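Pasting run36.cif here (mmCIF, C-alpha atoms):
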data_data
#
loop_
_atom_site.label_atom_id
_atom_site.label_comp_id
_atom_site.auth_asym_id
_atom_site.auth_seq_id
_atom_site.Cartn_x
_atom_site.Cartn_y
_atom_site.Cartn_z
CA MET T 698 94.39 155.60 114.23
CA HIS T 699 91.64 158.08 113.42
CA THR T 700 88.86 157.01 111.12
CA ARG T 701 85.72 158.78 110.08
CA SER T 702 82.56 157.14 108.85
CA PRO T 703 79.78 158.84 106.94
CA ARG T 704 77.24 160.58 109.17
CA SER T 705 73.50 160.30 108.89
CA GLU T 706 72.00 163.35 107.28
CA LYS T 707 69.68 164.31 110.11
CA ARG T 708 69.37 163.56 113.82
CA GLU T 709 65.93 162.50 114.91
CA PHE T 710 66.34 163.68 118.52
CA ASP T 711 67.12 166.88 120.39
CA THR T 712 69.67 167.61 123.12
CA ARG T 713 67.15 166.99 125.95
CA HIS T 714 66.21 163.58 124.55
CA PHE T 715 69.89 162.66 124.16
CA ARG T 716 70.63 163.75 127.74
CA ASP T 717 67.66 161.76 129.08
CA ALA T 718 68.84 158.67 127.20
CA LEU T 719 72.36 159.07 128.62
CA SER T 720 70.93 159.32 132.14
CA GLN T 721 69.86 155.68 131.89
CA PHE T 722 73.50 154.64 132.18
CA ALA T 723 74.31 154.26 135.88
CA THR T 724 77.73 155.65 136.68
CA GLY T 725 80.00 156.21 139.62
CA VAL T 726 80.67 159.72 140.88
CA THR T 727 84.07 161.37 141.20
CA VAL T 728 85.49 164.62 142.47
CA ILE T 729 88.55 165.78 140.54
CA THR T 730 90.90 167.92 142.65
CA THR T 731 93.96 170.01 141.90
CA ARG T 732 96.00 172.89 143.29
CA LEU T 733 96.05 176.41 141.87
CA ALA T 734 99.29 178.34 141.32
CA ASP T 735 98.60 180.40 144.47
CA GLY T 736 98.25 177.24 146.59
CA GLN T 737 94.44 177.23 146.80
CA PHE T 738 92.55 174.07 145.87
CA LEU T 739 90.03 173.50 143.11
CA GLY T 740 87.63 170.58 142.82
CA LEU T 741 84.66 169.60 140.70
CA THR T 742 82.19 166.74 140.46
CA ALA T 743 82.44 164.54 137.38
CA SER T 744 80.67 161.34 136.39
CA SER T 745 82.53 161.09 133.09
CA PHE T 746 85.34 158.82 134.32
CA ASN T 747 86.68 155.62 132.80
CA SER T 748 89.73 153.40 132.61
CA VAL T 749 91.73 153.52 129.38
CA SER T 750 94.75 151.25 129.79
CA LEU T 751 96.43 148.99 132.33
CA ASP T 752 99.91 149.35 130.85
CA PRO T 753 100.60 152.18 131.09
CA PRO T 754 97.92 152.87 133.72
CA LEU T 755 95.64 155.47 132.12
CA ILE T 756 92.23 156.91 133.02
CA LEU T 757 90.04 159.54 131.36
CA TRP T 758 87.47 162.11 132.36
CA SER T 759 85.91 165.05 130.57
CA LEU T 760 85.16 168.68 131.30
CA GLY T 761 82.90 171.10 129.42
CA THR T 762 84.63 173.70 127.27
CA ALA T 763 82.59 176.43 128.97
CA ALA T 764 83.80 175.46 132.47
CA ASN T 765 85.68 178.23 134.29
CA SER T 766 88.08 175.59 135.62
CA LEU T 767 89.15 174.39 132.16
CA PRO T 768 92.30 176.57 131.98
CA VAL T 769 93.42 175.35 135.42
CA PHE T 770 92.97 171.64 134.68
CA SER T 771 94.46 172.07 131.19
CA GLY T 772 97.56 173.79 132.53
CA ASN T 773 98.27 171.81 135.71
CA SER T 774 100.71 168.93 135.68
CA HIS T 775 98.73 166.79 138.17
CA TYR T 776 95.27 166.15 139.59
CA VAL T 777 93.56 163.55 141.78
CA VAL T 778 90.44 161.62 140.81
CA ASN T 779 88.50 160.76 143.99
CA ILE T 780 85.84 158.06 143.58
CA LEU T 781 83.06 158.78 146.06
CA SER T 782 81.54 156.23 148.42
CA ALA T 783 77.81 155.76 148.98
CA GLU T 784 77.91 158.07 152.00
CA GLN T 785 79.42 161.00 150.11
CA ALA T 786 76.52 162.35 148.04
CA TRP T 787 76.88 165.62 149.95
CA LEU T 788 80.43 165.96 148.58
CA ALA T 789 79.20 165.43 145.02
CA GLU T 790 76.63 168.17 145.54
CA GLN T 791 79.09 170.54 147.20
CA PHE T 792 81.71 170.18 144.46
CA ALA T 793 79.02 170.57 141.78
CA SER T 794 77.79 173.82 143.35
CA ARG T 795 78.82 177.36 142.48
CA LYS T 796 80.26 177.93 145.98
CA THR T 797 83.48 179.87 146.02
CA ASP T 798 85.04 177.59 148.65
CA ARG T 799 83.98 174.06 147.80
CA PHE T 800 86.50 172.68 150.30
CA ALA T 801 84.71 174.29 153.29
CA GLY T 802 84.06 171.56 155.87
CA VAL T 803 85.75 168.88 153.75
CA ASP T 804 88.35 166.56 155.28
CA TYR T 805 91.29 165.69 153.05
CA THR T 806 94.93 164.75 153.04
CA LEU T 807 97.52 165.71 150.46
CA SER T 808 99.00 163.51 147.78
CA ARG T 809 102.76 163.37 147.29
CA THR T 810 102.42 166.23 144.79
CA GLY T 811 100.29 168.30 147.17
CA HIS T 812 96.82 167.69 145.71
CA PRO T 813 93.72 166.98 147.83
CA ILE T 814 92.65 163.39 148.48
CA LEU T 815 89.13 163.37 149.96
CA THR T 816 88.83 161.44 153.22
CA GLY T 817 86.44 158.49 152.90
CA ALA T 818 86.69 158.15 149.13
CA SER T 819 86.35 154.57 147.84
CA ALA T 820 89.45 155.03 145.71
CA TRP T 821 91.74 157.77 144.45
CA PHE T 822 94.10 158.14 141.52
CA GLU T 823 96.90 160.69 141.47
CA CYS T 824 97.50 161.45 137.80
CA HIS T 825 99.98 163.21 135.60
CA ASN T 826 98.01 165.33 133.12
CA ARG T 827 99.18 163.31 130.10
CA SER T 828 96.99 164.60 127.27
CA ARG T 829 93.82 166.45 126.36
CA TYR T 830 91.52 166.04 123.38
CA PRO T 831 88.85 168.61 122.48
CA GLU T 832 85.70 166.85 121.24
CA GLY T 833 82.37 168.58 120.77
CA ASP T 834 81.51 170.72 123.79
CA HIS T 835 83.98 168.92 126.11
CA VAL T 836 87.69 168.29 126.54
CA ILE T 837 88.72 164.70 127.28
CA PHE T 838 91.55 164.50 129.82
CA VAL T 839 93.78 161.43 129.85
CA GLY T 840 95.69 160.96 133.08
CA GLU T 841 98.63 158.66 133.66
CA VAL T 842 98.16 157.18 137.13
CA GLU T 843 101.23 157.63 139.30
CA HIS T 844 99.68 156.41 142.56
CA CYS T 845 96.34 154.97 143.65
CA GLU T 846 94.69 153.52 146.73
CA PHE T 847 91.27 152.06 147.52
CA THR T 848 89.01 150.92 150.34
CA LYS T 849 86.32 148.35 149.54
CA GLN T 850 83.00 150.03 150.27
CA ALA T 851 79.67 150.68 148.59
CA PRO T 852 79.93 153.21 145.73
CA LEU T 853 77.94 156.36 145.12
CA VAL T 854 75.97 155.79 141.93
CA PHE T 855 74.29 158.39 139.70
CA HIS T 856 71.33 157.30 137.55
CA SER T 857 68.46 159.18 135.92
CA GLY T 858 69.41 162.47 137.56
CA GLN T 859 69.69 161.21 141.13
CA PHE T 860 72.17 159.61 143.52
CA LEU T 861 71.57 156.00 144.45
CA ARG T 862 73.04 154.07 147.34
CA PRO T 863 73.03 150.47 146.16
CA PRO T 864 72.41 147.79 148.79
CA ILE T 865 75.78 146.14 148.22
CA GLU T 866 77.61 144.09 150.78
CA ILE T 867 81.33 144.60 150.20
CA LYS T 868 83.57 141.68 151.07
#

Here is the file; what I need is its structure written in the form of structure tokens.
Amino acid sequence: MHTRSPRSEKREFDTRHFRDALSQFATGVTVITTRLADGQFLGLTASSFNSVSLDPPLILWSLGTAANSLPVFSGNSHYVVNILSAEQAWLAEQFASRKTDRFAGVDYTLSRTGHPILTGASAWFECHNRSRYPEGDHVIFVGEVEHCEFTKQAPLVFHSGQFLRPPIEIK
């Protein structure tokens, strides 16, 4: 079901103000990983991750339309969403960088489909690339989860432009 409501005639804020307002929402941090056709790996940091459905098990994340990696993630059949733990801020920074080899010094294992699972992640979701929806300056990816695992540990949290390590005791 797609519905459209009337829009207001004029926005009373600019892009910077909107971005600053969004930064007040604390979010977890993920690294999305996949394999290129030549066997190399690709990964990127994303905080735009959410659950969609329990049955079938669906998640979503989004990627900017200007991202160089968009054709790879759009065309691949699978990817892994790695949810970072509180001790993995360095991984978030490394996979958000413009380095050519973001996997340098990174420990990982391979999923059943051969995609990187980052060692120490709080959880990971191996997904079939089910659908994509262009919206604004991003593409929303919906993944159907084929396998997932987790370890209870403190999460890496991003809020107001910085990483936070919440003082959480995990039981």

Matched chain/residue IDs from the PyMOL selection byres ((chain T and resi 841) around 7), as a list in words: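 Given this file, the PyMOL selection byres ((chain T and resi 841) around 7) evaluates to Pro754, Leu755, Ile756, Cys824, His825, Asn826, Arg827, Val839, Gly840, Val842 and Glu843 of chain T.
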
Spatial neighbours of His835 in chain T, 6 Å, all atoms listed in the file, chain gap at least 6 places, as a list in words: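 Near neighbours after the sequence-gap exclusion: Leu760, Gly761 and Thr762 of chain T.
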
I need the residues from that last selection saved to file as a tab-separated table (two decimals), in the coordinates of the input (with C-alpha atoms), if you can.
chain	number	residue	atom	x	y	z
T	760	LEU	CA	85.16	168.68	131.30
T	761	GLY	CA	82.90	171.10	129.42
T	762	THR	CA	84.63	173.70	127.27

What is the CA of Gly833 in chain T-CA of Arg708 in chain T distance in Å, reported with one decimal?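 Interatomic distance, CA of Gly833 in chain T to CA of Arg708 in chain T: 15.6 Å.
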
Report as an NGL selection string the residues that result from applying the PyMOL selection byres ((chain T and resi 780) around 12) to the structure here. :T and (724-730 or 741-747 or 777-779 or 781-786 or 788-789 or 814-823 or 845-854)

Rounded to one decimal, what separation in Å do you get between CA of Gly858 in chain T and CA of Trp787 in chain T?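 Interatomic distance, CA of Gly858 in chain T to CA of Trp787 in chain T: 14.8 Å.
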
Quote the spacing between CA of Phe738 in chain T and CA of Gly772 in chain T in Å to one decimal place. 14.3 Å

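Once the PyMOL selection byres ((chain T and resi 719) around 12) is applied to the shown structure, the selection contains Thr712, Arg713, His714, Phe715, Arg716, Asp717, Ala718, Ser720, Gln721, Phe722, Ala723, Thr724, Ser744, Ser745, Phe855, His856, Ser857 and Gly858 of chain T.
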
Shortest interatomic distance to Phe770 in chain T - which of T:Phe710, T:Arg795, T:Ser748, T:Phe838, counting all atoms listed in the file: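 Using all atoms listed in the file, Phe770 in chain T sits closest to T:Phe838.
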
Around all listed atoms of range 846-857 of chain T, padded 5 Å per side, what centre and edge lengths does the axis-aligned box have in Å to one decimal, as lines of an AutoDock Vina configuration file?
center_x = 81.6
center_y = 153.8
center_z = 143.1
size_x = 36.2
size_y = 20.8
size_z = 24.4

List as a VMD selection string the protein and nucleic acid residues near Ala763 in chain T, meaning an atom at most 12 Å away when only C-alpha atoms are counted, but skip any in the same chain fewer than 3 places from it. chain T and resid 759 to 760 766 to 768 831 833 to 836

Determine, for each residue of range 748-804 of chain T having at least one atom at most 12 Å from an atom of range 733-737 of chain T, the closest pair of atoms and their separation in Å to one decimal, counting all atoms listed in the file; order by chain and ascending number, as JSON lines.
{"residue": "T:Ser766", "atom": "CA", "partner": "T:Leu733", "partner_atom": "CA", "distance": 10.2}
{"residue": "T:Pro768", "atom": "CA", "partner": "T:Leu733", "partner_atom": "CA", "distance": 10.6}
{"residue": "T:Val769", "atom": "CA", "partner": "T:Leu733", "partner_atom": "CA", "distance": 7.0}
{"residue": "T:Phe770", "atom": "CA", "partner": "T:Leu733", "partner_atom": "CA", "distance": 9.2}
{"residue": "T:Ser771", "atom": "CA", "partner": "T:Leu733", "partner_atom": "CA", "distance": 11.6}
{"residue": "T:Gly772", "atom": "CA", "partner": "T:Leu733", "partner_atom": "CA", "distance": 9.8}
{"residue": "T:Asn773", "atom": "CA", "partner": "T:Leu733", "partner_atom": "CA", "distance": 8.0}
{"residue": "T:Ser774", "atom": "CA", "partner": "T:Leu733", "partner_atom": "CA", "distance": 10.8}
{"residue": "T:His775", "atom": "CA", "partner": "T:Leu733", "partner_atom": "CA", "distance": 10.6}
{"residue": "T:Tyr776", "atom": "CA", "partner": "T:Leu733", "partner_atom": "CA", "distance": 10.5}
{"residue": "T:Thr797", "atom": "CA", "partner": "T:Gln737", "partner_atom": "CA", "distance": 11.3}
{"residue": "T:Asp798", "atom": "CA", "partner": "T:Gln737", "partner_atom": "CA", "distance": 9.6}
{"residue": "T:Arg799", "atom": "CA", "partner": "T:Gln737", "partner_atom": "CA", "distance": 11.0}
{"residue": "T:Phe800", "atom": "CA", "partner": "T:Gln737", "partner_atom": "CA", "distance": 9.8}
